[in-house]
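The next block is final_0.pdb, given as PDB, C-alpha atoms.
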```
MODEL        1
ATOM      1  CA  MET A   1     -12.802 -31.111   6.524
ATOM      2  CA  PRO A   2     -16.620 -30.601   6.515
ATOM      3  CA  PRO A   3     -18.619 -32.208   3.688
ATOM      4  CA  GLY A   4     -18.808 -29.936   0.683
ATOM      5  CA  ASP A   5     -15.501 -28.242   1.476
ATOM      6  CA  GLU A   6     -13.371 -30.759  -0.419
ATOM      7  CA  PRO A   7     -11.786 -29.224  -3.521
ATOM      8  CA  ASP A   8     -13.210 -30.424  -6.806
ATOM      9  CA  SER A   9     -10.800 -33.128  -7.986
ATOM     10  CA  LEU A  10     -10.803 -32.014 -11.612
ATOM     11  CA  THR A  11     -10.261 -28.383 -10.656
ATOM     12  CA  ALA A  12      -7.429 -29.373  -8.334
ATOM     13  CA  GLN A  13      -5.934 -31.524 -11.075
ATOM     14  CA  ARG A  14      -6.045 -28.622 -13.515
ATOM     15  CA  TRP A  15      -4.178 -26.350 -11.110
ATOM     16  CA  VAL A  16      -1.569 -28.965 -10.251
ATOM     17  CA  VAL A  17      -0.966 -29.750 -13.914
ATOM     18  CA  GLN A  18      -0.785 -26.024 -14.669
ATOM     19  CA  GLU A  19       1.988 -25.589 -12.108
ATOM     20  CA  LEU A  20       3.900 -28.611 -13.351
ATOM     21  CA  VAL A  21       3.622 -27.506 -16.987
ATOM     22  CA  THR A  22       4.775 -24.006 -16.091
ATOM     23  CA  GLU A  23       7.828 -25.383 -14.273
ATOM     24  CA  GLN A  24       8.711 -27.573 -17.231
ATOM     25  CA  ILE A  25       8.321 -24.761 -19.754
ATOM     26  CA  LEU A  26      10.477 -22.403 -17.707
ATOM     27  CA  ALA A  27      13.140 -25.041 -17.255
ATOM     28  CA  HIS A  28      13.043 -25.824 -21.000
ATOM     29  CA  GLU A  29      13.304 -22.155 -21.988
ATOM     30  CA  ALA A  30      16.115 -21.441 -19.527
ATOM     31  CA  GLU A  31      18.103 -24.388 -20.856
ATOM     32  CA  ALA A  32      17.448 -23.374 -24.470
ATOM     33  CA  ALA A  33      18.722 -19.878 -23.685
ATOM     34  CA  GLY A  34      21.828 -21.267 -21.989
ATOM     35  CA  MET A  35      20.892 -19.888 -18.596
ATOM     36  CA  GLU A  36      21.663 -21.511 -15.285
ATOM     37  CA  ASN A  37      18.381 -20.644 -13.592
ATOM     38  CA  VAL A  38      14.872 -19.390 -14.249
ATOM     39  CA  ASP A  39      15.465 -16.062 -12.497
ATOM     40  CA  ARG A  40      17.863 -15.047 -15.249
ATOM     41  CA  LEU A  41      15.257 -16.039 -17.816
ATOM     42  CA  VAL A  42      12.627 -13.873 -16.145
ATOM     43  CA  GLU A  43      15.041 -10.939 -16.074
ATOM     44  CA  GLN A  44      15.682 -11.339 -19.781
ATOM     45  CA  VAL A  45      11.983 -11.518 -20.666
ATOM     46  CA  ILE A  46      11.110  -8.320 -18.783
ATOM     47  CA  ALA A  47      14.356  -6.431 -19.421
ATOM     48  CA  ASP A  48      12.895  -4.039 -21.982
ATOM     49  CA  VAL A  49       9.614  -3.332 -20.189
ATOM     50  CA  ALA A  50       9.176   0.353 -19.406
ATOM     51  CA  VAL A  51       6.442   2.748 -18.360
ATOM     52  CA  GLU A  52       5.732   5.842 -20.415
ATOM     53  CA  GLU A  53       5.613   9.254 -18.770
ATOM     54  CA  ASP A  54       2.106   9.811 -20.135
ATOM     55  CA  ASP A  55       0.919   6.635 -18.392
ATOM     56  CA  ILE A  56       2.401   7.748 -15.071
ATOM     57  CA  ARG A  57       0.768  11.169 -15.350
ATOM     58  CA  ALA A  58      -2.563   9.647 -16.403
ATOM     59  CA  TYR A  59      -2.558   7.330 -13.388
ATOM     60  CA  TYR A  60      -1.927  10.291 -11.095
ATOM     61  CA  GLU A  61      -4.777  12.289 -12.616
ATOM     62  CA  ARG A  62      -7.210   9.343 -12.427
ATOM     63  CA  ASN A  63      -6.322   8.535  -8.819
ATOM     64  CA  ARG A  64      -5.735  11.873  -7.146
ATOM     65  CA  ASP A  65      -7.734  10.677  -4.144
ATOM     66  CA  LEU A  66      -4.961   8.140  -3.439
ATOM     67  CA  PHE A  67      -2.528  11.003  -2.916
ATOM     68  CA  LEU A  68      -4.729  13.115  -0.658
ATOM     69  CA  ARG A  69      -2.804  14.115   2.449
ATOM     70  CA  PRO A  70      -4.914  14.668   5.589
ATOM     71  CA  GLU A  71      -5.078  17.851   7.606
ATOM     72  CA  VAL A  72      -2.278  18.147  10.149
ATOM     73  CA  ARG A  73      -2.515  20.117  13.390
ATOM     74  CA  LEU A  74       0.732  21.241  15.018
ATOM     75  CA  ILE A  75       0.411  21.493  18.782
ATOM     76  CA  THR A  76       2.465  22.104  21.902
ATOM     77  CA  HIS A  77       1.356  19.395  24.288
ATOM     78  CA  PHE A  78       1.696  18.786  28.027
ATOM     79  CA  VAL A  79       0.463  16.006  30.273
ATOM     80  CA  ALA A  80       0.148  16.727  33.999
ATOM     81  CA  ASP A  81      -0.446  14.325  36.850
ATOM     82  CA  ASP A  82      -3.128  16.440  38.489
ATOM     83  CA  ALA A  83      -5.797  18.949  37.508
ATOM     84  CA  LYS A  84      -4.256  21.876  39.414
ATOM     85  CA  THR A  85      -0.939  21.600  37.576
ATOM     86  CA  ALA A  86      -2.764  21.204  34.289
ATOM     87  CA  GLN A  87      -4.832  24.342  34.906
ATOM     88  CA  SER A  88      -1.659  26.297  35.666
ATOM     89  CA  LEU A  89      -0.093  25.075  32.413
ATOM     90  CA  ALA A  90      -3.216  26.044  30.494
ATOM     91  CA  LYS A  91      -3.157  29.587  31.877
ATOM     92  CA  ARG A  92       0.477  30.071  30.989
ATOM     93  CA  LEU A  93      -0.071  28.682  27.475
ATOM     94  CA  ALA A  94      -3.072  30.959  26.994
ATOM     95  CA  GLY A  95      -0.878  33.899  27.925
ATOM     96  CA  ALA A  96       1.588  32.865  25.207
ATOM     97  CA  GLU A  97       4.107  31.952  27.884
ATOM     98  CA  SER A  98       6.363  28.952  27.742
ATOM     99  CA  PRO A  99       5.516  26.717  30.697
ATOM    100  CA  GLY A 100       9.071  25.437  30.708
ATOM    101  CA  SER A 101      10.480  22.074  29.757
ATOM    102  CA  GLY A 102       8.329  19.049  29.142
ATOM    103  CA  GLY A 103       6.141  20.320  26.342
ATOM    104  CA  GLU A 104       6.085  18.150  23.231
ATOM    105  CA  PRO A 105       5.706  19.579  19.718
ATOM    106  CA  LEU A 106       3.405  17.131  17.923
ATOM    107  CA  ASP A 107       1.956  16.693  14.440
ATOM    108  CA  VAL A 108      -1.559  15.356  14.935
ATOM    109  CA  ARG A 109      -3.914  13.826  12.351
ATOM    110  CA  ARG A 110      -7.484  12.644  12.706
ATOM    111  CA  GLY A 111      -7.591   9.120  14.057
ATOM    112  CA  GLU A 112      -4.281   9.300  15.902
ATOM    113  CA  LEU A 113      -5.944  10.364  19.149
ATOM    114  CA  ALA A 114      -9.385   9.557  20.492
ATOM    115  CA  GLY A 115     -12.412  10.949  22.254
ATOM    116  CA  PRO A 116     -12.755  14.438  23.731
ATOM    117  CA  LEU A 117      -9.056  15.272  23.339
ATOM    118  CA  GLU A 118      -9.072  14.758  19.573
ATOM    119  CA  ASP A 119     -12.448  16.465  19.182
ATOM    120  CA  ALA A 120     -11.214  19.496  21.116
ATOM    121  CA  LEU A 121      -7.978  19.768  19.140
ATOM    122  CA  PHE A 122      -9.746  19.554  15.790
ATOM    123  CA  GLY A 123     -12.416  21.992  16.893
ATOM    124  CA  ALA A 124      -9.966  24.653  18.075
ATOM    125  CA  GLN A 125      -8.628  27.673  16.189
ATOM    126  CA  GLU A 126      -4.956  28.503  15.824
ATOM    127  CA  GLY A 127      -3.433  29.946  18.996
ATOM    128  CA  LYS A 128      -6.169  28.554  21.245
ATOM    129  CA  VAL A 129      -5.511  26.349  24.263
ATOM    130  CA  VAL A 130      -7.270  23.042  24.741
ATOM    131  CA  GLY A 131      -7.706  21.444  28.153
ATOM    132  CA  PRO A 132      -7.225  20.345  30.766
ATOM    133  CA  ILE A 133      -8.761  17.122  29.448
ATOM    134  CA  GLU A 134      -8.430  14.024  31.594
ATOM    135  CA  THR A 135      -7.590  10.657  30.083
ATOM    136  CA  GLU A 136      -6.129   7.457  31.483
ATOM    137  CA  HIS A 137      -2.673   8.968  30.910
ATOM    138  CA  GLY A 138      -3.276  12.130  32.913
ATOM    139  CA  PHE A 139      -4.485  15.691  32.319
ATOM    140  CA  HIS A 140      -3.784  16.972  28.811
ATOM    141  CA  VAL A 141      -3.182  20.596  27.890
ATOM    142  CA  ALA A 142      -2.288  21.735  24.381
ATOM    143  CA  ARG A 143      -1.971  24.905  22.343
ATOM    144  CA  LEU A 144      -2.797  24.722  18.644
ATOM    145  CA  GLU A 145       0.159  26.354  16.920
ATOM    146  CA  SER A 146      -0.853  25.969  13.277
ATOM    147  CA  VAL A 147      -2.967  23.993  10.829
ATOM    148  CA  ILE A 148      -1.796  22.452   7.567
ATOM    149  CA  PRO A 149      -4.948  21.843   5.490
ATOM    150  CA  GLN A 150      -5.421  18.614   3.596
ATOM    151  CA  PHE A 151      -3.956  18.670   0.095
ATOM    152  CA  VAL A 152      -3.180  16.457  -2.863
ATOM    153  CA  ALA A 153       0.510  15.565  -2.973
ATOM    154  CA  PRO A 154       2.213  17.165  -6.003
ATOM    155  CA  TYR A 155       2.907  14.910  -8.956
ATOM    156  CA  GLU A 156       6.652  15.377  -8.559
ATOM    157  CA  ASP A 157       6.506  14.033  -4.988
ATOM    158  CA  VAL A 158       4.733  10.779  -5.888
ATOM    159  CA  ARG A 159       5.886  10.177  -9.457
ATOM    160  CA  THR A 160       8.617   7.693  -8.502
ATOM    161  CA  VAL A 161       6.263   5.583  -6.394
ATOM    162  CA  ILE A 162       3.678   5.496  -9.192
ATOM    163  CA  GLU A 163       6.308   4.525 -11.740
ATOM    164  CA  GLU A 164       7.573   1.692  -9.552
ATOM    165  CA  ASP A 165       4.056   0.305  -9.041
ATOM    166  CA  LEU A 166       3.154   0.560 -12.724
ATOM    167  CA  LEU A 167       6.449  -1.012 -13.727
ATOM    168  CA  VAL A 168       5.839  -4.022 -11.473
ATOM    169  CA  ALA A 169       2.394  -4.497 -13.015
ATOM    170  CA  ALA A 170       3.717  -4.032 -16.570
ATOM    171  CA  ARG A 171       6.478  -6.585 -16.008
ATOM    172  CA  GLU A 172       4.002  -9.098 -14.621
ATOM    173  CA  ARG A 173       1.743  -8.643 -17.653
ATOM    174  CA  ALA A 174       4.660  -8.924 -20.055
ATOM    175  CA  PHE A 175       5.910 -12.111 -18.452
ATOM    176  CA  ASP A 176       2.422 -13.642 -18.318
ATOM    177  CA  GLU A 177       1.913 -12.869 -22.008
ATOM    178  CA  TRP A 178       5.281 -14.396 -22.876
ATOM    179  CA  LEU A 179       4.547 -17.492 -20.790
ATOM    180  CA  ASP A 180       1.105 -17.889 -22.343
ATOM    181  CA  GLY A 181       2.709 -17.749 -25.766
ATOM    182  CA  ARG A 182       5.263 -20.406 -24.853
ATOM    183  CA  ARG A 183       2.522 -22.656 -23.453
ATOM    184  CA  GLN A 184       0.588 -22.391 -26.693
ATOM    185  CA  GLU A 185       3.736 -23.214 -28.627
ATOM    186  CA  LEU A 186       4.904 -26.109 -26.475
ATOM    187  CA  ALA A 187       1.683 -27.668 -25.182
ATOM    188  CA  THR A 188      -1.627 -28.822 -26.607
ATOM    189  CA  ILE A 189      -4.617 -28.326 -24.305
ATOM    190  CA  GLU A 190      -7.303 -30.983 -24.230
ATOM    191  CA  PRO A 191     -10.640 -29.078 -24.444
ATOM    192  CA  GLN A 192     -12.312 -31.068 -21.654
ATOM    193  CA  PHE A 193      -9.601 -29.909 -19.244
ATOM    194  CA  GLU A 194      -9.700 -26.199 -20.035
ATOM    195  CA  HIS A 195     -10.317 -24.019 -17.013
ATOM    196  CA  PRO A 196     -13.240 -21.571 -17.391
ATOM    197  CA  ALA A 197     -11.258 -18.649 -15.953
ATOM    198  CA  HIS A 198      -7.983 -19.546 -17.607
ATOM    199  CA  PRO A 199      -8.255 -21.078 -21.114
ATOM    200  CA  ILE A 200      -4.670 -22.309 -20.935
ATOM    201  CA  HIS A 201      -5.356 -24.517 -17.923
ATOM    202  CA  GLY A 202      -5.652 -28.214 -18.684
ATOM    203  CA  ILE A 203      -3.699 -31.344 -19.296
ATOM    204  CA  PRO A 204      -1.186 -30.764 -22.057
ATOM    205  CA  SER A 205       0.756 -33.077 -24.279
ATOM    206  CA  HIS A 206       4.200 -31.668 -24.993
ATOM    207  CA  ARG A 207       5.625 -31.251 -28.429
ATOM    208  CA  HIS A 208       9.225 -30.136 -28.931
TER     209      HIS A 208
ENDMDL
END
```
Any chance you could put this one into structure tokens?
Amino acid sequence: MPPGDEPDSLTAQRWVVQELVTEQILAHEAEAAGMENVDRLVEQVIADVAVEEDDIRAYYERNRDLFLRPEVRLITHFVADDAKTAQSLAKRLAGAESPGSGGEPLDVRRGELAGPLEDALFGAQEGKVVGPIETEHGFHVARLESVIPQFVAPYEDVRTVIEEDLLVAARERAFDEWLDGRRQELATIEPQFEHPAHPIHGIPSHRH
């Protein structure tokens, strides 16, 4: 390890002691509650934590950009091995004909393709044919069938996901607050060992 990269011994000691104290407190509390393991204790502490509907709605309104769905272009797509075949496919597509089997209906978003092919598809109007455009995979021909503009997902579609995320965060906060309270009750922190970012860090002396 290069000089200067060694962890500060006092800082490391604070973190190690913090972990050991936490383990002891959890074990003590689980035993006091008559529980076989700490997982059951955690479940009990967070059992009544819930997220209010107003909080879920408020999060959605504050973060609508997180639920923005990109524009989607629906295309009928062919790849030919040679330019002549590709040109024939393009003519038939332009005439609203079906070139036969082999065409793939695709939902395309920006960033899923690359280069001239993507630029052409996202510069075309509905019903227009793009190509032939040569890439390493062959000669591409596509007809733009329709465009779904970008939109913000409705609240009803994302509400469950938001609730789950907020509930996880709320449970973590509730457990941390409970654990902090138990540390203050069961341990005395020596001031010289308090961690600047976490006042509860330090070397404790237990009292039961």
Need to verify the contact set: stretch 50-57 of chain A, 8 Å, all atoms listed in the file, exclusion of same-chain residues closer than 5 positions in sequence. Can you return it as a PyMOL selection string? chain A and resi 155+159+162-163+166-167+170
Stretch 126-140 of chain A: which residues within 10 Å, counting all atoms listed in the file, same-chain residues fewer than 2 positions away excluded, as JSON, numbers by chain? {"A": [73, 74, 75, 76, 77, 78, 79, 80, 81, 82, 83, 84, 85, 86, 87, 88, 89, 90, 91, 92, 93, 94, 95, 96, 114, 115, 116, 117, 118, 120, 121, 122, 123, 124, 142, 143, 144, 145, 146, 147]}
Between atom CA of A:Arg64 and atom CA of A:Glu112, measure the distance and give it in Å to one decimal. 23.2 Å
Taking into account only C-alpha atoms, which residue in the set A:Leu186, A:Ala169, A:Ala153, A:Leu179 is nearest to A:Glu61?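 Counting only C-alpha atoms, the residue closest to A:Glu61 is A:Ala153.
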Using only C-alpha atoms, determine which residues lie at most 10 Å from A:Val49, disregarding the query and same-chain residues fewer than 6 positions distant; provide the list as number ranges by chain. A: 167-168, 170-175
Using all atoms listed in the file - which residues lie no farther than 8 Å from the point (-1.6, 17.4, 11.3) in the file's frame? Write them as a VMD selection string. chain A and resid 70 to 74 107 to 110 147 to 148
May I ask for the distance between atom CA of A:Asp157 and atom CA of A:Ala47, given in Å to one decimal place?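 So the two atoms, atom CA of A:Asp157 and atom CA of A:Ala47, lie 26.2 Å apart.
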